[in-house]
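Participant: Sharing coords-v2.cif below, mmCIF, C-alpha atoms:
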data_target
#
loop_
_atom_site.label_atom_id
_atom_site.label_comp_id
_atom_site.auth_asym_id
_atom_site.auth_seq_id
_atom_site.Cartn_x
_atom_site.Cartn_y
_atom_site.Cartn_z
CA MET Q 13 3.68 41.69 0.50
CA PRO Q 14 7.38 41.88 1.48
CA ASP Q 15 9.77 44.00 -0.54
CA ARG Q 16 12.09 41.63 -2.39
CA SER Q 17 13.74 44.26 -4.63
CA ARG Q 18 17.19 43.53 -3.17
CA CYS Q 19 16.78 39.83 -2.45
CA HIS Q 20 18.33 36.88 -4.21
CA ALA Q 21 16.43 35.44 -7.15
CA ALA Q 22 16.02 31.70 -7.56
CA LEU Q 23 14.72 29.56 -10.38
CA VAL Q 24 13.08 26.28 -9.36
CA THR Q 25 12.35 23.67 -12.01
CA GLY Q 26 9.66 21.13 -11.20
CA ALA Q 27 8.29 23.75 -8.81
CA ASN Q 28 4.75 22.39 -9.07
CA GLY Q 29 5.75 18.94 -7.81
CA PHE Q 30 6.09 17.39 -4.38
CA ILE Q 31 9.68 18.43 -3.56
CA GLY Q 32 9.69 21.51 -5.78
CA SER Q 33 6.65 23.11 -4.17
CA HIS Q 34 8.11 22.65 -0.68
CA LEU Q 35 11.37 24.19 -1.92
CA VAL Q 36 9.48 27.19 -3.30
CA GLU Q 37 7.84 27.72 0.08
CA GLY Q 38 11.20 27.42 1.82
CA LEU Q 39 12.80 30.00 -0.46
CA LEU Q 40 9.88 32.41 -0.05
CA SER Q 41 10.22 32.13 3.73
CA LYS Q 42 13.82 33.31 3.31
CA ASN Q 43 12.62 36.30 1.27
CA TYR Q 44 13.87 35.04 -2.10
CA LYS Q 45 12.28 36.14 -5.33
CA VAL Q 46 11.20 32.85 -6.90
CA ARG Q 47 10.68 31.97 -10.55
CA CYS Q 48 9.08 28.63 -11.40
CA LEU Q 49 9.80 26.82 -14.66
CA VAL Q 50 6.87 24.55 -15.47
CA ARG Q 51 5.45 22.84 -18.53
CA LYS Q 52 2.39 24.21 -20.29
CA THR Q 53 0.30 21.28 -19.04
CA SER Q 54 1.55 21.35 -15.42
CA ASP Q 55 -0.89 21.22 -12.52
CA LEU Q 56 -0.14 24.32 -10.42
CA ARG Q 57 -2.37 23.61 -7.42
CA TRP Q 58 0.52 23.59 -4.93
CA LEU Q 59 1.66 27.03 -6.17
CA GLU Q 60 -1.71 28.75 -5.93
CA GLY Q 61 -1.61 31.91 -3.84
CA LEU Q 62 2.19 32.03 -3.68
CA ASP Q 63 4.12 35.14 -4.70
CA VAL Q 64 6.05 33.55 -7.56
CA GLN Q 65 6.71 34.18 -11.24
CA ILE Q 66 5.50 31.36 -13.47
CA VAL Q 67 7.48 30.67 -16.65
CA ARG Q 68 6.00 28.15 -19.06
CA GLY Q 69 8.75 26.40 -20.94
CA ASP Q 70 10.12 23.29 -22.58
CA TYR Q 71 13.61 21.81 -22.25
CA GLN Q 72 13.84 21.48 -26.03
CA ASP Q 73 13.05 25.18 -26.49
CA ALA Q 74 16.24 27.20 -26.04
CA ASN Q 75 14.35 30.50 -25.93
CA SER Q 76 12.13 29.46 -23.03
CA LEU Q 77 15.14 28.13 -21.12
CA ALA Q 78 17.03 31.36 -21.67
CA ALA Q 79 14.09 33.38 -20.35
CA ALA Q 80 13.88 31.13 -17.29
CA VAL Q 81 17.56 31.21 -16.26
CA GLN Q 82 18.28 34.85 -17.04
CA ASP Q 83 19.15 37.08 -14.05
CA CYS Q 84 18.75 34.29 -11.48
CA ASP Q 85 21.26 34.02 -8.65
CA TYR Q 86 20.44 30.38 -7.95
CA ILE Q 87 19.04 27.57 -10.05
CA TYR Q 88 17.50 24.56 -8.30
CA HIS Q 89 16.94 21.83 -10.88
CA ILE Q 90 14.38 19.55 -9.25
CA ALA Q 91 12.40 18.48 -12.34
CA GLY Q 92 12.85 14.98 -13.70
CA ALA Q 93 11.12 11.70 -14.49
CA VAL Q 94 10.75 8.93 -11.89
CA LYS Q 95 8.64 6.74 -14.18
CA ALA Q 96 8.66 6.18 -17.92
CA ILE Q 97 7.17 3.93 -20.57
CA LYS Q 98 10.56 3.13 -22.09
CA PRO Q 99 14.17 3.61 -20.84
CA ALA Q 100 14.94 6.33 -23.40
CA ASP Q 101 12.36 8.54 -21.68
CA PHE Q 102 14.47 8.60 -18.50
CA TYR Q 103 17.55 9.78 -20.38
CA ARG Q 104 15.55 12.42 -22.24
CA ALA Q 105 13.99 13.83 -19.08
CA ASN Q 106 16.79 13.34 -16.57
CA THR Q 107 19.96 13.66 -18.63
CA GLU Q 108 19.32 15.62 -21.81
CA ALA Q 109 16.99 18.16 -20.17
CA THR Q 110 19.47 18.75 -17.36
CA VAL Q 111 22.33 19.39 -19.77
CA SER Q 112 20.18 21.75 -21.86
CA LEU Q 113 19.29 23.79 -18.78
CA ALA Q 114 22.91 23.97 -17.64
CA GLN Q 115 24.17 25.01 -21.08
CA SER Q 116 21.55 27.73 -21.22
CA ALA Q 117 22.62 29.00 -17.80
CA ILE Q 118 26.26 29.12 -18.90
CA LYS Q 119 25.33 31.01 -22.05
CA VAL Q 120 22.99 33.70 -20.70
CA ASN Q 121 23.73 33.92 -16.96
CA PRO Q 122 27.47 34.32 -16.31
CA GLY Q 123 26.75 35.76 -12.84
CA LEU Q 124 25.02 32.63 -11.57
CA LYS Q 125 25.98 31.87 -7.96
CA ARG Q 126 24.92 28.22 -7.92
CA PHE Q 127 23.38 25.47 -10.04
CA LEU Q 128 22.02 22.84 -7.64
CA PHE Q 129 21.08 19.56 -9.26
CA SER Q 130 18.75 17.18 -7.45
CA SER Q 131 20.05 13.76 -8.44
CA SER Q 132 19.17 10.57 -6.54
CA GLN Q 133 20.55 7.88 -4.27
CA ALA Q 134 19.67 5.59 -7.19
CA ALA Q 135 22.64 7.08 -9.06
CA ILE Q 136 25.10 5.33 -6.75
CA GLY Q 137 23.08 2.23 -5.99
CA PRO Q 138 22.62 0.12 -2.84
CA SER Q 139 25.20 -0.38 -0.13
CA PRO Q 140 26.78 -3.78 0.60
CA CYS Q 141 25.66 -4.06 4.22
CA LEU Q 142 24.04 -2.11 7.04
CA ASP Q 143 27.39 -1.08 8.54
CA LYS Q 144 28.73 0.40 5.30
CA PRO Q 145 26.38 3.15 4.06
CA LYS Q 146 27.31 4.69 0.75
CA CYS Q 147 29.39 7.87 0.81
CA GLU Q 148 30.15 10.31 -2.00
CA LEU Q 149 33.52 8.69 -2.81
CA ASP Q 150 32.13 5.20 -3.34
CA GLU Q 151 31.85 3.64 -6.79
CA CYS Q 152 28.53 4.27 -8.49
CA GLN Q 153 26.64 1.08 -9.35
CA PRO Q 154 23.06 2.02 -10.28
CA VAL Q 155 20.66 -0.87 -10.85
CA SER Q 156 17.99 0.89 -12.93
CA ASP Q 157 17.72 3.14 -15.97
CA TYR Q 158 16.38 5.84 -13.65
CA GLY Q 159 19.55 5.66 -11.58
CA ARG Q 160 21.78 5.47 -14.65
CA SER Q 161 20.08 8.50 -16.22
CA LYS Q 162 20.68 10.53 -13.05
CA LEU Q 163 24.32 9.41 -12.87
CA LEU Q 164 24.89 10.32 -16.52
CA ALA Q 165 23.39 13.76 -15.84
CA GLU Q 166 25.82 14.20 -12.93
CA ARG Q 167 28.78 13.31 -15.13
CA GLU Q 168 27.71 15.62 -17.93
CA LEU Q 169 27.30 18.49 -15.45
CA LEU Q 170 30.74 17.84 -13.97
CA ARG Q 171 32.20 18.26 -17.46
CA LEU Q 172 30.74 21.77 -17.43
CA SER Q 173 31.81 22.59 -13.88
CA ASP Q 174 34.69 24.84 -14.96
CA ARG Q 175 31.98 27.23 -16.21
CA LEU Q 176 29.13 26.24 -13.91
CA PRO Q 177 29.07 26.70 -10.09
CA LEU Q 178 27.68 23.23 -9.46
CA THR Q 179 26.45 21.37 -6.38
CA ILE Q 180 24.87 17.91 -6.61
CA ILE Q 181 22.46 16.52 -4.01
CA ARG Q 182 21.51 12.83 -3.95
CA PRO Q 183 18.35 12.44 -1.86
CA PRO Q 184 17.32 9.00 -0.61
CA SER Q 185 13.61 8.17 -0.28
CA VAL Q 186 11.74 11.41 0.43
CA TYR Q 187 8.38 11.56 2.18
CA GLY Q 188 6.01 14.21 3.46
CA PRO Q 189 2.81 16.14 2.70
CA ARG Q 190 1.76 16.09 -0.99
CA ASP Q 191 3.78 12.98 -1.79
CA THR Q 192 1.80 10.49 -3.85
CA GLU Q 193 4.29 7.60 -3.80
CA ILE Q 194 4.55 6.74 -0.11
CA PHE Q 195 0.88 7.73 0.14
CA MET Q 196 0.00 4.41 -1.49
CA TYR Q 197 1.70 2.64 1.41
CA PHE Q 198 -0.32 4.74 3.84
CA GLN Q 199 -3.45 3.64 1.96
CA TRP Q 200 -2.63 -0.06 2.26
CA ILE Q 201 -1.93 0.25 5.97
CA SER Q 202 -5.10 2.30 6.44
CA ARG Q 203 -6.96 -0.66 4.93
CA GLY Q 204 -5.30 -3.03 7.38
CA LEU Q 205 -2.44 -4.48 5.33
CA ALA Q 206 1.30 -3.76 5.65
CA LEU Q 207 3.08 -5.09 2.55
CA LEU Q 208 6.77 -5.82 3.15
CA PRO Q 209 9.24 -6.34 0.26
CA GLY Q 210 10.55 -9.90 0.43
CA VAL Q 211 10.92 -12.15 3.44
CA ARG Q 212 14.26 -10.79 4.68
CA LYS Q 213 14.66 -7.45 6.45
CA ARG Q 214 15.48 -4.53 4.21
CA TYR Q 215 16.78 -1.17 5.38
CA ALA Q 216 16.70 2.35 3.99
CA HIS Q 217 17.63 5.88 4.87
CA LEU Q 218 14.85 8.43 4.41
CA ILE Q 219 14.43 12.17 4.69
CA TYR Q 220 11.43 14.33 5.46
CA VAL Q 221 10.80 16.80 2.66
CA LYS Q 222 11.19 19.90 4.84
CA ASP Q 223 14.63 18.71 5.97
CA LEU Q 224 15.60 18.01 2.38
CA VAL Q 225 14.70 21.44 0.99
CA ARG Q 226 16.32 23.19 3.96
CA GLY Q 227 19.48 21.22 3.29
CA MET Q 228 19.36 22.06 -0.41
CA VAL Q 229 19.21 25.79 0.35
CA GLN Q 230 22.03 25.47 2.90
CA ALA Q 231 24.16 23.66 0.32
CA ALA Q 232 23.45 26.21 -2.42
CA GLU Q 233 24.29 29.13 -0.16
CA SER Q 234 27.56 27.63 1.11
CA GLU Q 235 30.86 28.39 -0.60
CA GLU Q 236 32.22 25.05 0.64
CA THR Q 237 29.98 23.00 -1.65
CA ILE Q 238 30.95 24.19 -5.14
CA GLY Q 239 31.90 21.23 -7.33
CA LYS Q 240 30.85 18.69 -4.70
CA THR Q 241 28.21 15.98 -4.25
CA TYR Q 242 26.25 15.28 -1.06
CA PHE Q 243 23.79 12.86 0.49
CA LEU Q 244 21.12 14.36 2.73
CA SER Q 245 19.29 11.97 5.03
CA GLU Q 246 18.36 11.19 8.59
CA ASP Q 247 21.25 9.50 10.38
CA LYS Q 248 19.32 6.34 11.27
CA ALA Q 249 18.44 3.62 8.75
CA TYR Q 250 15.02 2.00 9.21
CA SER Q 251 13.75 -1.44 8.33
CA TRP Q 252 10.52 -1.65 6.36
CA GLN Q 253 8.95 -3.26 9.42
CA GLU Q 254 9.83 -0.16 11.46
CA ILE Q 255 8.52 2.14 8.74
CA SER Q 256 5.22 0.28 8.49
CA ASP Q 257 4.84 0.22 12.29
CA LEU Q 258 5.31 4.00 12.52
CA ILE Q 259 2.79 4.60 9.75
CA ALA Q 260 0.33 2.26 11.44
CA ALA Q 261 0.78 4.10 14.75
CA SER Q 262 0.16 7.46 13.06
CA LEU Q 263 -3.12 6.08 11.64
CA GLY Q 264 -4.19 4.23 14.77
CA LYS Q 265 -4.17 0.91 12.89
CA ARG Q 266 -2.95 -2.62 13.59
CA PRO Q 267 -2.38 -3.97 10.08
CA LEU Q 268 -1.56 -7.51 9.09
CA ARG Q 269 2.10 -7.76 8.05
CA LEU Q 270 2.38 -9.54 4.71
CA PRO Q 271 5.83 -10.23 3.22
CA VAL Q 272 5.53 -10.16 -0.58
CA PRO Q 273 7.82 -12.69 -2.32
CA LEU Q 274 9.96 -10.98 -4.94
CA THR Q 275 8.95 -13.53 -7.59
CA PHE Q 276 5.33 -12.48 -7.11
CA ALA Q 277 6.35 -8.81 -7.18
CA ARG Q 278 8.17 -9.33 -10.49
CA PHE Q 279 5.14 -11.04 -12.02
CA SER Q 280 2.92 -8.18 -10.84
CA ALA Q 281 5.40 -5.70 -12.33
CA ILE Q 282 5.13 -7.41 -15.72
CA LEU Q 283 1.37 -6.91 -15.62
CA SER Q 284 1.85 -3.30 -14.53
CA GLU Q 285 4.22 -2.65 -17.44
CA ALA Q 286 1.79 -4.22 -19.90
CA GLY Q 287 -0.96 -1.95 -18.64
CA ALA Q 288 1.30 1.08 -18.98
CA THR Q 289 2.14 0.16 -22.56
CA LEU Q 290 -1.52 -0.24 -23.50
CA SER Q 291 -2.61 2.98 -21.78
CA ARG Q 292 0.48 4.95 -22.83
CA LYS Q 293 0.75 6.11 -19.21
CA PRO Q 294 3.99 5.33 -17.36
CA THR Q 295 3.89 3.29 -14.16
CA LEU Q 296 6.20 3.43 -11.16
CA PHE Q 297 5.86 -0.29 -10.49
CA THR Q 298 8.18 -2.00 -12.99
CA ARG Q 299 10.62 -4.89 -12.98
CA GLN Q 300 13.44 -2.39 -12.53
CA LYS Q 301 11.68 -0.95 -9.49
CA VAL Q 302 11.35 -4.48 -8.09
CA SER Q 303 15.07 -4.96 -8.76
CA GLU Q 304 15.75 -1.87 -6.66
CA MET Q 305 13.38 -3.09 -3.94
CA SER Q 306 15.15 -6.45 -3.86
CA LYS Q 307 18.38 -4.87 -2.58
CA ARG Q 308 18.59 -5.10 1.19
CA TYR Q 309 20.46 -1.91 2.01
CA TRP Q 310 19.63 1.50 0.55
CA THR Q 311 21.75 3.37 3.06
CA VAL Q 312 23.87 6.52 2.80
CA SER Q 313 26.04 8.76 4.97
CA SER Q 314 25.38 12.49 5.39
CA GLU Q 315 28.71 13.08 7.16
CA SER Q 316 30.12 15.26 4.37
CA ALA Q 317 27.06 17.52 4.44
CA ARG Q 318 27.31 17.78 8.22
CA ASN Q 319 31.00 18.68 8.04
CA ASP Q 320 30.83 21.11 5.10
CA PHE Q 321 27.70 23.13 5.87
CA GLY Q 322 26.33 21.91 9.17
CA PHE Q 323 23.42 19.89 7.85
CA ALA Q 324 21.29 17.99 10.37
CA CYS Q 325 17.73 16.71 10.18
CA GLU Q 326 15.14 18.33 12.43
CA TYR Q 327 12.66 15.48 11.87
CA ASP Q 328 13.12 11.86 12.85
CA LEU Q 329 10.91 9.33 11.08
CA ALA Q 330 8.28 9.19 13.82
CA LYS Q 331 7.79 12.97 13.82
CA GLY Q 332 7.81 13.18 10.01
CA ILE Q 333 5.37 10.30 9.56
CA GLU Q 334 3.00 11.80 12.14
CA GLU Q 335 2.99 15.17 10.37
CA THR Q 336 2.53 13.49 6.99
CA ALA Q 337 -0.40 11.39 8.21
CA ARG Q 338 -2.04 14.45 9.72
CA TRP Q 339 -1.76 16.29 6.39
CA TYR Q 340 -3.26 13.35 4.47
CA LYS Q 341 -6.19 13.25 6.88
CA GLU Q 342 -6.77 17.02 6.88
CA HIS Q 343 -6.82 17.11 3.07
CA GLY Q 344 -9.14 14.15 2.69
CA TRP Q 345 -6.57 11.77 1.21
CA LEU Q 346 -7.20 9.26 3.97
#
Once more with this new file: its structure as structure tokens, please.
Facilitator:
Amino acid sequence: MPDRSRCHAALVTGANGFIGSHLVEGLLSKNYKVRCLVRKTSDLRWLEGLDVQIVRGDYQDANSLAAAVQDCDYIYHIAGAVKAIKPADFYRANTEATVSLAQSAIKVNPGLKRFLFSSSQAAIGPSPCLDKPKCELDECQPVSDYGRSKLLAERELLRLSDRLPLTIIRPPSVYGPRDTEIFMYFQWISRGLALLPGVRKRYAHLIYVKDLVRGMVQAAESEETIGKTYFLSEDKAYSWQEISDLIAASLGKRPLRLPVPLTFARFSAILSEAGATLSRKPTLFTRQKVSEMSKRYWTVSSESARNDFGFACEYDLAKGIEETARWYKEHGWL
């Protein structure tokens, strides 16, 4: 086991999740001492066998937050809610919890080097056309409570930035091993069906999870990024047809392309929401999610990240999809 007695210490919230677990691995590879803040009921399978300190806590428990943030050089706040039964749950998990963590850091850790907040492209909203990807200076126009809750968290953190060394990252759609969201799309294509949102072409920027976490660490370690917000993504925007074709190629499939009318998607979302209400289990497929899907251009520019700390993706979509598909197969998901 390497000697980390003189290394930087990092706290990762949401460390047991898709992005968080990859970030933990990235930090360990750089010889960081890593502390993981997780809930008492969290599934820790992606952290098994890793040399990390587990802290069980709750964002409404000031004592557990204080124990988590104390003596850390870096805080990576990855935890949050991407689905909820009611809108208030987004604001509780994404806004209030974020502010509580930041206030605790200010109170008990005055030597903190960086508080990196993982926000979302949803906080700024879609772009007007393919030739005008969103940049950090554009007006924020979120179209969902998820996006609005992330934006509100950003604004609350910026109010604390005179006492908090803050950097905000807004990832676009993230994919890679362990992801359960895009995995459903892999499943459909594996069964021979490529579902496309709407009848018109829609474009999005994406990022492979390993590129994202590497960029997060670069941003946190850079002195140029304090008080700033960044998009991290691959430079090229892809249509959903291109995305589905690359997934199909990685699986050796020739699926039937089926454009799904948005009216049908909205009706299906109503049924999905009703099921979530009855089961008391939140669903990702809601009318607000369909509203997001209906926008044609979810595109962003990573130029500021490239200029300020030299960020560049090492994975294009074809390479990332191939590695993701291989992981799904090797772990029996497909």
Participant: Which polymer residues, whether protein, DNA or RNA, lie within 12 Å of the coordinate (30.0, 20.4, -15.3) when you count all atoms listed in the file? List them as a tab-separated table (two decimals) with C-alpha atoms, keeping the file's coordinate frame, using the chain letters and numbers from the file.
Facilitator:
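Full text of selection.tsv as output:
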chain	number	residue	atom	x	y	z
Q	110	THR	CA	19.47	18.75	-17.36
Q	111	VAL	CA	22.33	19.39	-19.77
Q	112	SER	CA	20.18	21.75	-21.86
Q	113	LEU	CA	19.29	23.79	-18.78
Q	114	ALA	CA	22.91	23.97	-17.64
Q	115	GLN	CA	24.17	25.01	-21.08
Q	117	ALA	CA	22.62	29.00	-17.80
Q	118	ILE	CA	26.26	29.12	-18.90
Q	126	ARG	CA	24.92	28.22	-7.92
Q	127	PHE	CA	23.38	25.47	-10.04
Q	128	LEU	CA	22.02	22.84	-7.64
Q	129	PHE	CA	21.08	19.56	-9.26
Q	164	LEU	CA	24.89	10.32	-16.52
Q	165	ALA	CA	23.39	13.76	-15.84
Q	166	GLU	CA	25.82	14.20	-12.93
Q	167	ARG	CA	28.78	13.31	-15.13
Q	168	GLU	CA	27.71	15.62	-17.93
Q	169	LEU	CA	27.30	18.49	-15.45
Q	170	LEU	CA	30.74	17.84	-13.97
Q	171	ARG	CA	32.20	18.26	-17.46
Q	172	LEU	CA	30.74	21.77	-17.43
Q	173	SER	CA	31.81	22.59	-13.88
Q	174	ASP	CA	34.69	24.84	-14.96
Q	175	ARG	CA	31.98	27.23	-16.21
Q	176	LEU	CA	29.13	26.24	-13.91
Q	177	PRO	CA	29.07	26.70	-10.09
Q	178	LEU	CA	27.68	23.23	-9.46
Q	179	THR	CA	26.45	21.37	-6.38
Q	180	ILE	CA	24.87	17.91	-6.61
Q	238	ILE	CA	30.95	24.19	-5.14
Q	239	GLY	CA	31.90	21.23	-7.33
Q	240	LYS	CA	30.85	18.69	-4.70
Participant: Could you check the closest approach to Q:Asp150 for each of Q:Phe243, Q:Ala249, Q:Lys301, Q:Glu193 and tell me which residue wins, using only C-alpha atoms?
Facilitator: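 Of the candidates, the smallest distance to Q:Asp150 is held by Q:Phe243.
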Participant: Can you tell me, as a VMD selection string, what residues are no more than 9 Å from Q:Gln199 when counting only C-alpha atoms, ignoring any on the same chain fewer than 5 positions away?
Facilitator: chain Q and resid 194 204 to 205 345 to 346
Participant: Given the choices Q:Val81, Q:Ala96, Q:Ala21, Q:Leu62, which gets closest to Q:Arg292 if the distance is worked out from all atoms listed in the file?
Facilitator: Q:Ala96
Participant: Can you give me, as a compact mmCIF listing (two decimals) with C-alpha atoms, in the frame of the given file, the residues this file yields under the PyMOL selection byres ((chain Q and resi 261-273) around 7)?
Facilitator:
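Just written: part02.txt:
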# COMPACT_ATOMS: atom_id res chain seq x y z
CA ILE Q 201 -1.93 0.25 5.97
CA SER Q 202 -5.10 2.30 6.44
CA GLY Q 204 -5.30 -3.03 7.38
CA LEU Q 205 -2.44 -4.48 5.33
CA ALA Q 206 1.30 -3.76 5.65
CA LEU Q 207 3.08 -5.09 2.55
CA LEU Q 208 6.77 -5.82 3.15
CA PRO Q 209 9.24 -6.34 0.26
CA GLY Q 210 10.55 -9.90 0.43
CA VAL Q 211 10.92 -12.15 3.44
CA ASP Q 257 4.84 0.22 12.29
CA LEU Q 258 5.31 4.00 12.52
CA ILE Q 259 2.79 4.60 9.75
CA ALA Q 260 0.33 2.26 11.44
CA LEU Q 274 9.96 -10.98 -4.94
CA THR Q 275 8.95 -13.53 -7.59
CA PHE Q 276 5.33 -12.48 -7.11
CA ALA Q 277 6.35 -8.81 -7.18
CA ILE Q 333 5.37 10.30 9.56
CA GLU Q 334 3.00 11.80 12.14
CA ALA Q 337 -0.40 11.39 8.21
Participant: Please evaluate the PyMOL selection byres ((chain Q and resi 314) around 7) against the structure above and give the resulting residues as a list in words.
Facilitator: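 The output of the PyMOL selection byres ((chain Q and resi 314) around 7) on this file is Phe243, Leu244, Ser245, Val312, Ser313, Glu315, Ser316, Ala317 and Arg318 of chain Q.
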Participant: Show which residues sit within 10 Å of Q:Lys146, as a ChimeraX atom specification. Count only C-alpha atoms, and ignore same-chain residues fewer than 2 positions away.
Facilitator: /Q:133,136-144,148-152,243,309-314
Participant: Report the distance between atom CA of Q:Ser234 and atom CA of Q:Asp320 in Å, rounded to one decimal place.
Facilitator: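 These two atoms are separated by 8.3 Å.
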